[in-house]
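One file, coords_21.cif, is given below (mmCIF, C-alpha atoms and all ligand atoms).
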```cif
data_entry
#
loop_
_atom_site.label_atom_id
_atom_site.label_comp_id
_atom_site.auth_asym_id
_atom_site.auth_seq_id
_atom_site.Cartn_x
_atom_site.Cartn_y
_atom_site.Cartn_z
CA MET A 15 8.68 -5.17 -12.23
CA LYS A 16 9.05 -8.31 -10.08
CA LEU A 17 7.15 -9.40 -6.99
CA TYR A 18 8.91 -11.65 -4.49
CA THR A 19 6.22 -13.64 -2.74
CA SER A 20 5.71 -16.62 -0.42
CA VAL A 21 3.21 -18.34 1.82
CA GLY A 22 1.78 -16.15 4.59
CA PRO A 23 -0.84 -13.46 5.06
CA ASN A 24 1.28 -10.50 3.93
CA PRO A 25 1.90 -11.82 0.40
CA GLN A 26 -1.74 -12.97 0.38
CA VAL A 27 -2.91 -9.37 0.81
CA VAL A 28 -0.98 -8.32 -2.29
CA ARG A 29 -2.14 -11.33 -4.34
CA THR A 30 -5.79 -10.73 -3.42
CA PHE A 31 -5.42 -7.03 -4.15
CA MET A 32 -3.87 -7.73 -7.59
CA ALA A 33 -6.67 -10.19 -8.40
CA GLU A 34 -9.29 -7.59 -7.47
CA ARG A 35 -7.56 -4.91 -9.54
CA GLY A 36 -6.75 -7.17 -12.49
CA VAL A 37 -3.02 -6.50 -12.14
CA THR A 38 -0.39 -9.07 -13.09
CA VAL A 39 3.34 -8.89 -12.46
CA ASP A 40 6.16 -11.42 -12.72
CA THR A 41 6.46 -13.28 -9.44
CA ILE A 42 9.33 -15.10 -7.77
CA GLU A 43 8.46 -17.59 -5.03
CA VAL A 44 10.71 -17.48 -1.94
CA ASP A 45 10.91 -20.46 0.44
CA LEU A 46 9.80 -18.89 3.74
CA MET A 47 9.53 -22.21 5.58
CA GLY A 48 13.08 -23.12 4.57
CA GLY A 49 14.37 -19.68 5.62
CA GLU A 50 15.55 -18.66 2.12
CA ASN A 51 14.41 -15.12 2.89
CA ARG A 52 16.93 -14.77 5.70
CA LYS A 53 19.90 -15.76 3.50
CA ALA A 54 22.37 -13.42 1.79
CA GLU A 55 20.93 -13.71 -1.71
CA TYR A 56 17.45 -12.56 -0.71
CA LEU A 57 18.79 -9.97 1.73
CA LYS A 58 20.36 -8.30 -1.31
CA VAL A 59 16.83 -7.92 -2.70
CA ASN A 60 15.14 -6.93 0.57
CA PRO A 61 17.43 -6.15 3.52
CA ALA A 62 14.44 -6.65 5.86
CA GLY A 63 14.40 -10.34 4.85
CA GLN A 64 10.64 -10.56 4.45
CA MET A 65 8.03 -11.03 1.76
CA PRO A 66 6.48 -9.57 -0.22
CA ALA A 67 8.89 -7.24 -1.96
CA LEU A 68 8.25 -5.41 -5.22
CA VAL A 69 11.25 -4.47 -7.36
CA LEU A 70 10.58 -1.96 -10.13
CA ALA A 71 12.25 -2.04 -13.55
CA ASP A 72 14.77 0.60 -12.43
CA GLY A 73 15.66 -1.43 -9.32
CA THR A 74 13.61 0.60 -6.84
CA LEU A 75 12.54 -1.57 -3.89
CA ILE A 76 9.06 -1.24 -2.41
CA THR A 77 8.20 -3.23 0.71
CA GLU A 78 5.31 -3.09 3.20
CA ILE A 79 2.09 -4.49 1.84
CA THR A 80 -0.02 -1.36 1.94
CA ALA A 81 2.74 0.62 0.18
CA ILE A 82 2.98 -2.07 -2.52
CA CYS A 83 -0.79 -2.14 -3.01
CA GLU A 84 -1.09 1.63 -3.07
CA TYR A 85 1.68 1.81 -5.69
CA LEU A 86 0.02 -0.83 -7.90
CA ASP A 87 -3.33 0.89 -7.43
CA GLU A 88 -1.94 4.22 -8.64
CA ILE A 89 -0.20 2.88 -11.74
CA SER A 90 -3.08 0.64 -12.86
CA PRO A 91 -6.11 1.59 -14.93
CA GLY A 92 -9.55 1.03 -13.44
CA ASP A 93 -11.29 1.91 -10.20
CA SER A 94 -9.07 2.53 -7.19
CA LEU A 95 -9.43 0.25 -4.17
CA ILE A 96 -8.11 3.02 -1.93
CA GLY A 97 -10.65 5.64 -2.93
CA SER A 98 -11.41 8.23 -5.56
CA THR A 99 -11.62 11.31 -3.33
CA PRO A 100 -9.44 12.60 -0.47
CA GLU A 101 -12.20 11.62 1.97
CA GLU A 102 -12.50 8.07 0.61
CA ARG A 103 -8.74 7.57 0.66
CA ALA A 104 -8.51 8.92 4.22
CA ILE A 105 -11.25 6.57 5.41
CA THR A 106 -9.61 3.56 3.76
CA ARG A 107 -6.28 4.50 5.35
CA ARG A 108 -7.99 5.04 8.70
CA TRP A 109 -9.12 1.40 8.70
CA MET A 110 -5.84 0.10 7.35
CA ARG A 111 -3.90 1.85 10.09
CA TRP A 112 -6.36 0.57 12.68
CA THR A 113 -6.02 -2.97 11.30
CA ASP A 114 -2.21 -2.76 11.29
CA PHE A 115 -2.01 -1.68 14.92
CA GLU A 116 -4.97 -3.39 16.55
CA VAL A 117 -5.07 -6.71 14.69
CA ILE A 118 -2.03 -7.48 12.55
CA ASP A 119 0.72 -6.47 14.93
CA PRO A 120 -0.60 -8.29 18.03
CA MET A 121 -1.82 -11.30 16.01
CA THR A 122 1.45 -11.90 14.18
CA ARG A 123 3.53 -11.33 17.31
CA ALA A 124 1.32 -13.76 19.23
CA PHE A 125 1.77 -16.31 16.43
CA ARG A 126 5.54 -15.92 16.35
CA TYR A 127 5.75 -16.24 20.12
CA SER A 128 3.54 -19.36 20.36
CA GLU A 129 2.37 -21.60 17.47
CA GLY A 130 5.10 -20.15 15.23
CA LEU A 131 7.87 -20.17 17.83
CA GLN A 132 9.72 -23.11 16.31
CA LEU A 133 9.92 -21.30 12.98
CA PHE A 134 10.76 -17.85 14.32
CA GLN A 135 12.86 -18.28 17.46
CA ASN A 136 16.13 -18.21 15.54
CA ARG A 137 15.02 -15.38 13.24
CA LEU A 138 13.59 -12.73 15.55
CA PRO A 139 13.51 -11.87 19.26
CA CYS A 140 10.58 -13.92 20.64
CA PHE A 141 8.71 -13.39 23.93
CA PRO A 142 6.47 -16.43 24.55
CA ASP A 143 5.10 -14.98 27.82
CA ALA A 144 3.53 -12.15 25.84
CA ALA A 145 1.55 -14.41 23.48
CA PRO A 146 -1.64 -14.93 25.58
CA GLY A 147 -2.01 -11.20 26.25
CA LEU A 148 -1.46 -10.32 22.61
CA LYS A 149 -4.15 -12.83 21.58
CA GLU A 150 -6.53 -11.12 24.03
CA CYS A 151 -5.69 -7.73 22.47
CA VAL A 152 -6.77 -9.06 19.06
CA LYS A 153 -10.02 -10.47 20.47
CA GLU A 154 -10.80 -7.18 22.18
CA ALA A 155 -10.11 -5.20 18.99
CA LEU A 156 -12.38 -7.47 16.93
CA ARG A 157 -15.12 -7.23 19.57
CA TRP A 158 -14.95 -3.45 19.30
CA LEU A 159 -14.97 -3.57 15.49
CA ASN A 160 -18.00 -5.85 15.52
CA GLY A 161 -19.89 -3.18 17.44
CA GLN A 162 -18.91 -0.54 14.88
CA MET A 163 -20.08 -2.58 11.90
CA ASP A 164 -23.77 -2.55 12.63
CA SER A 165 -25.15 -1.95 9.15
CA GLU A 166 -21.88 -1.84 7.23
CA ILE A 167 -21.32 -4.19 4.31
CA TRP A 168 -17.61 -3.40 4.13
CA LEU A 169 -15.23 -1.68 6.54
CA THR A 170 -15.65 1.53 4.58
CA GLY A 171 -19.45 1.29 4.34
CA ASP A 172 -20.81 0.24 0.95
CA ARG A 173 -17.45 0.73 -0.78
CA PHE A 174 -15.20 -2.35 -0.93
CA SER A 175 -11.57 -1.39 -0.33
CA LEU A 176 -8.03 -2.51 0.42
CA ALA A 177 -8.93 -2.25 4.12
CA ASP A 178 -11.26 -5.26 3.71
CA ILE A 179 -8.57 -7.26 1.94
CA LEU A 180 -6.07 -6.41 4.66
CA LEU A 181 -8.28 -7.35 7.58
CA PHE A 182 -9.67 -10.48 5.89
CA SER A 183 -6.25 -11.91 5.01
CA PHE A 184 -5.18 -11.72 8.64
CA VAL A 185 -8.45 -12.87 10.22
CA ALA A 186 -8.26 -15.88 7.84
CA PHE A 187 -4.64 -16.45 8.86
CA GLY A 188 -5.63 -16.27 12.53
CA GLY A 189 -8.10 -19.08 11.88
CA GLN A 190 -5.25 -21.28 10.67
CA VAL A 191 -2.90 -20.60 13.58
CA GLY A 192 -5.00 -20.89 16.71
CA GLN A 193 -6.62 -17.44 16.70
CA PRO A 194 -10.07 -18.18 15.20
CA LEU A 195 -12.70 -15.52 14.66
CA ASP A 196 -15.40 -15.63 17.35
CA ARG A 197 -18.55 -16.42 15.32
CA ASN A 198 -20.63 -14.75 18.06
CA LEU A 199 -19.35 -11.49 16.60
CA THR A 200 -22.11 -11.73 14.03
CA ASN A 201 -21.50 -8.49 12.10
CA LEU A 202 -17.90 -9.47 11.62
CA ALA A 203 -18.76 -13.10 10.87
CA ASP A 204 -21.20 -11.95 8.15
CA TRP A 205 -18.54 -9.66 6.71
CA TYR A 206 -16.04 -12.54 6.81
CA ASP A 207 -18.46 -14.80 4.92
CA ARG A 208 -19.02 -12.09 2.29
CA MET A 209 -15.27 -11.72 1.86
CA GLU A 210 -14.69 -15.46 1.68
CA LYS A 211 -17.00 -15.70 -1.36
CA ARG A 212 -14.83 -13.36 -3.42
CA GLU A 213 -12.80 -15.21 -6.02
CA SER A 214 -9.78 -12.98 -5.33
CA VAL A 215 -9.15 -14.44 -1.86
CA LYS A 216 -8.11 -17.70 -3.53
CA ALA A 217 -5.32 -15.97 -5.49
N1 LIG B 301 5.64 -5.26 7.51
C1 LIG B 301 5.81 -6.22 6.44
C2 LIG B 301 5.62 -7.61 7.01
C3 LIG B 301 6.11 -8.70 6.08
C4 LIG B 301 6.15 -10.07 6.74
O1 LIG B 301 6.16 -10.20 7.98
N2 LIG B 301 6.15 -11.12 5.91
C5 LIG B 301 6.20 -12.47 6.40
C6 LIG B 301 5.33 -13.38 5.52
S1 LIG B 301 3.63 -13.25 5.91
C7 LIG B 301 7.63 -13.00 6.31
O2 LIG B 301 8.34 -12.66 5.39
N3 LIG B 301 7.99 -13.87 7.26
C8 LIG B 301 9.22 -14.60 7.23
C9 LIG B 301 10.25 -14.09 8.17
O3 LIG B 301 10.04 -13.05 8.83
O4 LIG B 301 11.30 -14.74 8.24
C10 LIG B 301 4.87 -5.88 5.28
O5 LIG B 301 3.96 -5.05 5.47
O6 LIG B 301 5.02 -6.40 4.15
#
```
Spell out the structure here as structure tokens.
Ligand SMILES: N[C@@H](CCC(=O)N[C@@H](CS)C(=O)NCC(=O)O)C(=O)O
Amino acid sequence: MKLYTSVGPNPQVVRTFMAERGVTVDTIEVDLMGGENRKAEYLKVNPAGQMPALVLADGTLITEITAICEYLDEISPGDSLIGSTPEERAITRRWMRWTDFEVIDPMTRAFRYSEGLQLFQNRLPCFPDAAPGLKECVKEALRWLNGQMDSEIWLTGDRFSLADILLFSFVAFGGQVGQPLDRNLTNLADWYDRMEKRESVKA
């Protein structure tokens, strides 16, 4: 099994997850900044041209970070970070789906259309006019989430899960690319500080 990885919040989610679960796999670093991932050799590995990508011993390709993490979770001994009952798994997936749609998609599009435009304009269709509105969508989503997290330690209550890793990796990324977390959102800021103390986020 080989994991193709790079800089960026998506590979970070998988690295943090593996550190939390005590999973190790062989990794191959791809030069995202240099555009290696958009060249023929890497497109043979992952036709979508993005990282991370997990290739199993029999050649099966798994992409999309939550699919990769769920796969590793299922094949690894130890406590699941998705959940141990149908209800727990559904709640984790509820927050992951919410995070994908309400935070990750608008945040990464906004980045590609503004601060990241130079890097992405020749790779993907980019719409710079949309960036300010997309950034507002992220802020609004995080404001709403802050209100939901009144007495919650983690997104899924007192159970730490992949949903926390997912959201944290992107909120941290936002902080590096001009979309900082509003510290007035105190529930979320406290959650962020709890997350930041975990050794796994440095993986
Ligand atoms: N939907 C994908 C997103 C992967 C993705 O966007 N990866 C970024 C790195 S954070 C990438 O490869 N960017 C380089 C590019 O698109 O050229 C997933 O869930 O894994």
Exercise. Please check which protein, DNA or RNA residues sit within 8 Å of ligand LIG 301 (chain B), counting all atoms listed in the file, and write them as a list in words.
Key: Ser20, Val21, Gly22, Pro23, Asn24, Pro25, Gln26, Leu46, Met47, Gly49, Asn51, Arg52, Gly63, Gln64, Met65, Pro66, Ala67, Thr77, Glu78, Ile79, Thr80, Ala81, Thr122, Phe134, Arg137 and Leu138 of chain A
Quiz prompt | Residue with smallest distance to Asp114 of chain A - pool A:Gln162, A:Ser183, A:Ser128, A:Thr99, counting all atoms listed in the file | solution = A:Ser183
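In this model, the gap between atom CA of Ala62 of chain A and atom CA of Phe31 of chain A comes to 22.2 Å.
Atom CA of Ala33 of chain A is positioned 5.2 Å from atom CA of Ser214 of chain A.
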Write out as a PDB file with C-alpha atoms, in the coordinates of the input each polymer residue whose atoms come within 12 Å of Thr30 of chain A, counting only C-alpha atoms; drop sequence neighbours fewer than 5 positions from it.
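Written output follows (selection.pdb):
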```
ATOM      1  CA  PRO A  23      -0.840 -13.460   5.060  1.00  0.00           C
ATOM      2  CA  ASN A  24       1.280 -10.500   3.930  1.00  0.00           C
ATOM      3  CA  PRO A  25       1.900 -11.820   0.400  1.00  0.00           C
ATOM      4  CA  ARG A  35      -7.560  -4.910  -9.540  1.00  0.00           C
ATOM      5  CA  GLY A  36      -6.750  -7.170 -12.490  1.00  0.00           C
ATOM      6  CA  VAL A  37      -3.020  -6.500 -12.140  1.00  0.00           C
ATOM      7  CA  THR A  38      -0.390  -9.070 -13.090  1.00  0.00           C
ATOM      8  CA  ILE A  79       2.090  -4.490   1.840  1.00  0.00           C
ATOM      9  CA  CYS A  83      -0.790  -2.140  -3.010  1.00  0.00           C
ATOM     10  CA  LEU A  95      -9.430   0.250  -4.170  1.00  0.00           C
ATOM     11  CA  SER A 175     -11.570  -1.390  -0.330  1.00  0.00           C
ATOM     12  CA  LEU A 176      -8.030  -2.510   0.420  1.00  0.00           C
ATOM     13  CA  ALA A 177      -8.930  -2.250   4.120  1.00  0.00           C
ATOM     14  CA  ASP A 178     -11.260  -5.260   3.710  1.00  0.00           C
ATOM     15  CA  ILE A 179      -8.570  -7.260   1.940  1.00  0.00           C
ATOM     16  CA  LEU A 180      -6.070  -6.410   4.660  1.00  0.00           C
ATOM     17  CA  LEU A 181      -8.280  -7.350   7.580  1.00  0.00           C
ATOM     18  CA  PHE A 182      -9.670 -10.480   5.890  1.00  0.00           C
ATOM     19  CA  SER A 183      -6.250 -11.910   5.010  1.00  0.00           C
ATOM     20  CA  MET A 209     -15.270 -11.720   1.860  1.00  0.00           C
ATOM     21  CA  GLU A 210     -14.690 -15.460   1.680  1.00  0.00           C
ATOM     22  CA  ARG A 212     -14.830 -13.360  -3.420  1.00  0.00           C
ATOM     23  CA  GLU A 213     -12.800 -15.210  -6.020  1.00  0.00           C
ATOM     24  CA  SER A 214      -9.780 -12.980  -5.330  1.00  0.00           C
ATOM     25  CA  VAL A 215      -9.150 -14.440  -1.860  1.00  0.00           C
ATOM     26  CA  LYS A 216      -8.110 -17.700  -3.530  1.00  0.00           C
ATOM     27  CA  ALA A 217      -5.320 -15.970  -5.490  1.00  0.00           C
TER      28      ALA A 217
END
```
Quiz item: Closest to Lys58 of chain A among A:Trp205, A:Glu166, A:Glu43, A:Leu75, using all atoms listed in the file?
Solution: A:Leu75
